[in-house]
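Okay, structure first, notes after.
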Amino acid sequence: MTAPPPEAPPGPVTSWPACLIVNPRAGNLSAMDDPGPQLAATLRAAGFAVEDPDAGADLDTQWARAEGARIVFVAGGDGTLRDAAARLRGTGRYLAPLPGGTLNRLCTRLDLPNDPVAAAALYAAAAPGLIDTATANGEVFLYQLIIGRATRLMRFREMQRGGGAGGWWPLVQALLRALTRPFPRELWVRLGPAARQTGQAVIVTLPEPNRPTGLLLHVARPAGAVARLRQAWRWFRGKLGEDAEVSEREVARVAVHGRQDGVRMSLDGEMRLARTPVRVNLHKRALSVLVVPPQRPQDGERAAPPPGVPA
C-alpha cells in the first residue's frame, strides 16, 4: 500500500467521477472479446459510475472524453500506463491501472492480479495513494529504463509476442547473434566529481512502492559472450545485481553518457532513440493512484479472492 495523498477528495472513492480507457490491442486484452464492456460492467458492480468505452475509439479520443473524471481506469500494457502517468502526473487526478499487457510491471507492484477483470473487481475496496515516478530526458517511466545493447532484449520480446511456440526459434537465433557479437564498452555514468563507471548497458529501476529508497542503478560490464548470456539470464530473473561483472548502487539522479550523440533506450518496454547525456531523475510521490488492499498471502495464509471472483 502507498501513502495517501495529503488532499484526497471527500467521500468514498466509488463516489468520485470516473471513466475507463482501454487499449484493446495490448497483449492480454487482444485475446479477450470486447474487453471494454466486460471491464466497465465489473467496475460498475464494484460501485463506480463508468460507461462502456466507445468501440473503435483511439486512445487520444478516449482521453479527450475523460477530462471530467477524477479517477481514470486505464487498461493496457506498460506503455499505455506510462502514457497515462505522463498525462495525469501533477493534475490531482488518480490513475487506476488495469493489467492488459504481457508483463504488467506496475500492476504487479501494486498487488493487482494479471487478470484485468479480477483486478477491476478489487477496486471496490481501493484507497487513494501516491507512488514514485522517474524521468529520462523528461519522459516519464514507472518501472525501468534500459540504455544500450540490452535494449535488444526488449526488441526480441516484441518479435516473439503472438508467435506462440514457433516464435521462439527465431527469437533465440537473433538473441544469440546479438549477445555473441563483440562491441566495446560505450556507455558511462558519472558517480562523482572525478569518478565514472563504464559499461555496455545501464539499467535504472524505480524503488518498490512505499520504499524510502532511490533509483537502483546497474551498470553491466560483461567480458565476453558467456558473461552476456549469464547477465541476460539473471536480468530476466530479477537478479542482475548478483553478477560479479555488474556494479550496483542507489542514486537519486544519474546522467548516462555515450560515445555517440544518440543511444537506444527502453522506457518500460517502449523503444526510444535519445540524445546523450540521458538525464534520469527520481520524483518521489509524484503520481496519484488508487491502491487495492494487499492480496498476497502473508504468514503462510491463502489470500482471499476479490469480490465477485470465485474462490
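To be explicit about the labels: the chains of the C-alpha cells are called A, B, and onward in the order shown, and within each one the residues are counted from 1, while ligands get numbers from 1 in the order they are shown.
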
List every residue of segment 69-134 of chain A that has an atom at most 8 Å from any atom of segment 140-149 of chain A, giving for each one its closest atom pair and the distance in Å to one decimal, counting only C-alpha atoms, sorted by chain and then by ascending residue number, as JSON lines.
{"residue": "A:Arg82", "atom": "CA", "partner": "A:Phe141", "partner_atom": "CA", "distance": 5.7}
{"residue": "A:Asp83", "atom": "CA", "partner": "A:Val140", "partner_atom": "CA", "distance": 7.9}
{"residue": "A:Ala85", "atom": "CA", "partner": "A:Val140", "partner_atom": "CA", "distance": 7.3}
{"residue": "A:Ala86", "atom": "CA", "partner": "A:Val140", "partner_atom": "CA", "distance": 5.8}
{"residue": "A:Arg105", "atom": "CA", "partner": "A:Tyr143", "partner_atom": "CA", "distance": 6.7}
{"residue": "A:Leu106", "atom": "CA", "partner": "A:Tyr143", "partner_atom": "CA", "distance": 6.6}
{"residue": "A:Asp132", "atom": "CA", "partner": "A:Leu142", "partner_atom": "CA", "distance": 7.6}
{"residue": "A:Thr133", "atom": "CA", "partner": "A:Leu142", "partner_atom": "CA", "distance": 5.3}
{"residue": "A:Ala134", "atom": "CA", "partner": "A:Phe141", "partner_atom": "CA", "distance": 5.5}

Filtering to all heavy atoms, could you give me those residues as a short mmCIF file (atom, residue, chain, number, x, y, z; two decimals), in the first residue's frame?
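File produced: result.cif:
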data_model
loop_
_atom_site.label_atom_id
_atom_site.label_comp_id
_atom_site.auth_asym_id
_atom_site.auth_seq_id
_atom_site.Cartn_x
_atom_site.Cartn_y
_atom_site.Cartn_z
N ARG A 82 2.34 3.98 -18.90
CA ARG A 82 3.36 5.04 -18.86
C ARG A 82 2.81 6.32 -19.48
O ARG A 82 2.99 7.42 -18.95
CB ARG A 82 4.61 4.58 -19.60
CG ARG A 82 5.80 5.52 -19.46
CD ARG A 82 6.99 5.01 -20.25
NE ARG A 82 6.78 5.18 -21.67
CZ ARG A 82 7.00 6.33 -22.33
NH1 ARG A 82 7.40 7.41 -21.66
NH2 ARG A 82 6.81 6.40 -23.62
N ASP A 83 2.11 6.19 -20.60
CA ASP A 83 1.48 7.35 -21.23
C ASP A 83 0.44 7.96 -20.31
O ASP A 83 0.33 9.20 -20.20
CB ASP A 83 0.85 6.93 -22.56
CG ASP A 83 0.04 8.05 -23.20
OD1 ASP A 83 0.66 9.03 -23.66
OD2 ASP A 83 -1.20 7.94 -23.23
N ALA A 85 0.41 7.90 -17.03
CA ALA A 85 1.10 8.59 -15.95
C ALA A 85 1.61 9.95 -16.40
O ALA A 85 1.54 10.94 -15.66
CB ALA A 85 2.25 7.73 -15.43
N ALA A 86 2.11 10.03 -17.64
CA ALA A 86 2.59 11.30 -18.16
C ALA A 86 1.45 12.32 -18.27
O ALA A 86 1.64 13.51 -18.03
CB ALA A 86 3.25 11.09 -19.52
N ARG A 105 4.25 -4.71 -15.19
CA ARG A 105 5.15 -4.48 -14.05
C ARG A 105 4.52 -3.58 -12.99
O ARG A 105 4.59 -3.87 -11.80
CB ARG A 105 6.45 -3.84 -14.55
CG ARG A 105 7.22 -4.67 -15.54
CD ARG A 105 7.91 -5.84 -14.87
NE ARG A 105 8.95 -6.39 -15.71
CZ ARG A 105 9.73 -7.41 -15.39
NH1 ARG A 105 9.57 -8.00 -14.22
NH2 ARG A 105 10.67 -7.85 -16.19
N LEU A 106 3.92 -2.46 -13.41
CA LEU A 106 3.32 -1.56 -12.43
C LEU A 106 2.19 -2.23 -11.69
O LEU A 106 2.08 -2.13 -10.46
CB LEU A 106 2.82 -0.29 -13.12
CG LEU A 106 2.05 0.68 -12.21
CD1 LEU A 106 2.95 1.22 -11.12
CD2 LEU A 106 1.43 1.82 -13.02
N ASP A 132 6.03 6.77 -6.66
CA ASP A 132 7.14 7.47 -7.29
C ASP A 132 7.07 7.31 -8.82
O ASP A 132 6.55 6.32 -9.34
CB ASP A 132 8.48 6.91 -6.82
CG ASP A 132 8.67 7.01 -5.31
OD1 ASP A 132 7.98 7.85 -4.68
OD2 ASP A 132 9.50 6.26 -4.77
N THR A 133 7.61 8.30 -9.51
CA THR A 133 7.85 8.18 -10.94
C THR A 133 9.29 8.59 -11.19
O THR A 133 9.98 9.09 -10.30
CB THR A 133 6.91 9.07 -11.77
OG1 THR A 133 7.20 10.45 -11.51
CG2 THR A 133 5.45 8.78 -11.44
N ALA A 134 9.74 8.39 -12.42
CA ALA A 134 11.07 8.85 -12.82
C ALA A 134 10.97 9.40 -14.23
O ALA A 134 10.01 9.12 -14.96
CB ALA A 134 12.09 7.72 -12.74
#

Exercise for the section: Using only C-alpha atoms, determine which residues lie at most 7 Å from segment 57-67 of chain A, disregarding the query and same-chain residues fewer than 4 positions distant; provide the list as a PyMOL selection string. Expected result: chain A and resi 19+21+23

Exercise for the section: Name the residues in contact with Ala255 of chain A at a cut-off of 7 Å, using only C-alpha atoms, excluding same-chain residues fewer than 5 positions from it; report them as a PyMOL selection string. Expected result: chain A and resi 189-190+277-280

Write out, as an mmCIF file, in the first residue's frame, the residues just selected, with N, CA, C and O atoms.
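Listing of result35.cif after writing:
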data_model
loop_
_atom_site.group_PDB
_atom_site.id
_atom_site.type_symbol
_atom_site.label_atom_id
_atom_site.label_comp_id
_atom_site.auth_asym_id
_atom_site.auth_seq_id
_atom_site.Cartn_x
_atom_site.Cartn_y
_atom_site.Cartn_z
ATOM 1 N N VAL A 189 28.598 6.422 -16.715
ATOM 2 C CA VAL A 189 27.818 7.274 -15.820
ATOM 3 C C VAL A 189 28.774 7.953 -14.859
ATOM 4 O O VAL A 189 29.764 7.356 -14.420
ATOM 5 N N ARG A 190 28.487 9.186 -14.545
ATOM 6 C CA ARG A 190 29.315 9.924 -13.583
ATOM 7 C C ARG A 190 28.819 9.631 -12.171
ATOM 8 O O ARG A 190 27.643 9.771 -11.876
ATOM 9 N N PRO A 277 23.847 13.484 -23.051
ATOM 10 C CA PRO A 277 23.611 12.525 -21.973
ATOM 11 C C PRO A 277 22.119 12.337 -21.695
ATOM 12 O O PRO A 277 21.335 13.278 -21.856
ATOM 13 N N VAL A 278 21.756 11.122 -21.269
ATOM 14 C CA VAL A 278 20.399 10.840 -20.835
ATOM 15 C C VAL A 278 20.333 11.147 -19.338
ATOM 16 O O VAL A 278 20.993 10.477 -18.534
ATOM 17 N N ARG A 279 19.570 12.137 -18.974
ATOM 18 C CA ARG A 279 19.493 12.569 -17.575
ATOM 19 C C ARG A 279 18.261 11.940 -16.926
ATOM 20 O O ARG A 279 17.138 12.165 -17.374
ATOM 21 N N VAL A 280 18.511 11.176 -15.871
ATOM 22 C CA VAL A 280 17.467 10.407 -15.198
ATOM 23 C C VAL A 280 17.255 10.981 -13.803
ATOM 24 O O VAL A 280 18.223 11.161 -13.042
#

Problem - 9 Å contact set for Asn114 of chain A, only C-alpha atoms, chain neighbours under 4 positions out, as a PyMOL selection string - result: chain A and resi 28+98-104+107-108+118-119

Completion exercise
One decimal place gives the atom CA of Asp78 of chain A-atom CA of Ser247 of chain A separation as 26.5 Å

Exercise for the section: Return the single residue from A:Val263, A:Gly90, A:Ala96, A:Ala121 that is closest to His283 of chain A, with distances computed using only C-alpha atoms. Expected result: A:Gly90

Exercise for the section: Pick out the residues sitting within 8 Å of Ala84 of chain A, and hand them over as a ChimeraX atom specification; count only C-alpha atoms, and ignore anything fewer than 4 positions along from it in its own chain. Expected result: /A:74,80,88,95

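For segment 249-283 of chain A, backbone-based DSSP labels the following residues as strand (DSSP E or B): A:Arg249, A:Glu250, A:Val251, A:Arg253, A:Val254, A:Ala255, A:Val256, A:His257, A:Gly258, A:Gly262, A:Val263, A:Arg264, A:Met265, A:Ser266, A:Leu267, A:Glu270, A:Met271, A:Arg272, A:Leu273, A:Ala274, A:Arg275, A:Val278, A:Arg279, A:Val280, A:Asn281, A:Leu282, A:His283.
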
Problem - Best match for closeness to Ala201 of chain A among A:Gly138, A:Gly129, A:Gly214, A:Gly258, counting only C-alpha atoms - result: A:Gly258

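For the residues A:Leu217, A:Val202, A:Val291, A:Val251, ranking by smallest atom-to-atom distance to Arg264 of chain A using only C-alpha atoms places A:Val202 first.
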
Fill in the blank from the handout: Atom pair atom CA of Ala49 of chain A + atom CA of Tyr94 of chain A, distance 15.1 Å

Handout entry: Minimum-distance residue to Ala124 of chain A, chosen among A:Met265, A:Val289, A:Thr213, A:Phe48 (using only C-alpha atoms)
Key = A:Phe48

Every residue of segment 11-113 of chain A that DSSP places in helix (DSSP H, G or I), as an mmCIF file with C-alpha atoms, in the first residue's frame:
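File out.cif, as written:
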data_model
loop_
_atom_site.group_PDB
_atom_site.id
_atom_site.type_symbol
_atom_site.label_atom_id
_atom_site.label_comp_id
_atom_site.auth_asym_id
_atom_site.auth_seq_id
_atom_site.Cartn_x
_atom_site.Cartn_y
_atom_site.Cartn_z
ATOM 1 C CA VAL A 13 -13.571 6.647 -3.974
ATOM 2 C CA THR A 14 -16.559 4.927 -5.596
ATOM 3 C CA SER A 15 -18.427 8.272 -5.470
ATOM 4 C CA LEU A 29 -6.622 -7.625 -23.846
ATOM 5 C CA SER A 30 -6.237 -8.530 -27.513
ATOM 6 C CA ALA A 31 -7.196 -12.110 -26.635
ATOM 7 C CA PRO A 35 -12.737 -6.188 -23.128
ATOM 8 C CA GLY A 36 -14.184 -2.685 -22.652
ATOM 9 C CA PRO A 37 -17.765 -3.720 -21.791
ATOM 10 C CA GLN A 38 -16.510 -6.568 -19.563
ATOM 11 C CA LEU A 39 -14.272 -4.235 -17.563
ATOM 12 C CA ALA A 40 -16.900 -1.486 -17.374
ATOM 13 C CA ALA A 41 -19.512 -3.931 -16.071
ATOM 14 C CA THR A 42 -17.106 -5.185 -13.405
ATOM 15 C CA LEU A 43 -16.268 -1.636 -12.304
ATOM 16 C CA ARG A 44 -19.970 -0.758 -12.104
ATOM 17 C CA ALA A 45 -20.508 -3.850 -9.931
ATOM 18 C CA LEU A 59 -6.607 6.419 -27.121
ATOM 19 C CA ASP A 60 -6.440 10.170 -27.800
ATOM 20 C CA THR A 61 -10.196 10.262 -28.381
ATOM 21 C CA GLN A 62 -10.816 8.300 -25.193
ATOM 22 C CA TRP A 63 -8.591 10.685 -23.216
ATOM 23 C CA ALA A 64 -10.403 13.702 -24.628
ATOM 24 C CA ASP A 78 3.210 -0.957 -19.537
ATOM 25 C CA GLY A 79 3.491 1.534 -22.408
ATOM 26 C CA THR A 80 -0.169 2.527 -22.157
ATOM 27 C CA LEU A 81 0.167 3.026 -18.392
ATOM 28 C CA ARG A 82 3.362 5.044 -18.860
ATOM 29 C CA ASP A 83 1.483 7.352 -21.230
ATOM 30 C CA ALA A 84 -1.346 7.629 -18.690
ATOM 31 C CA ALA A 85 1.099 8.589 -15.947
ATOM 32 C CA ALA A 86 2.590 11.303 -18.159
ATOM 33 C CA ARG A 87 -0.894 12.726 -18.740
ATOM 34 C CA LEU A 88 -2.049 12.555 -15.099
ATOM 35 C CA ARG A 105 5.148 -4.475 -14.049
ATOM 36 C CA LEU A 106 3.324 -1.556 -12.429
ATOM 37 C CA CYS A 107 0.195 -3.617 -11.758
ATOM 38 C CA THR A 108 2.278 -6.367 -10.158
ATOM 39 C CA ARG A 109 3.936 -3.802 -7.902
#
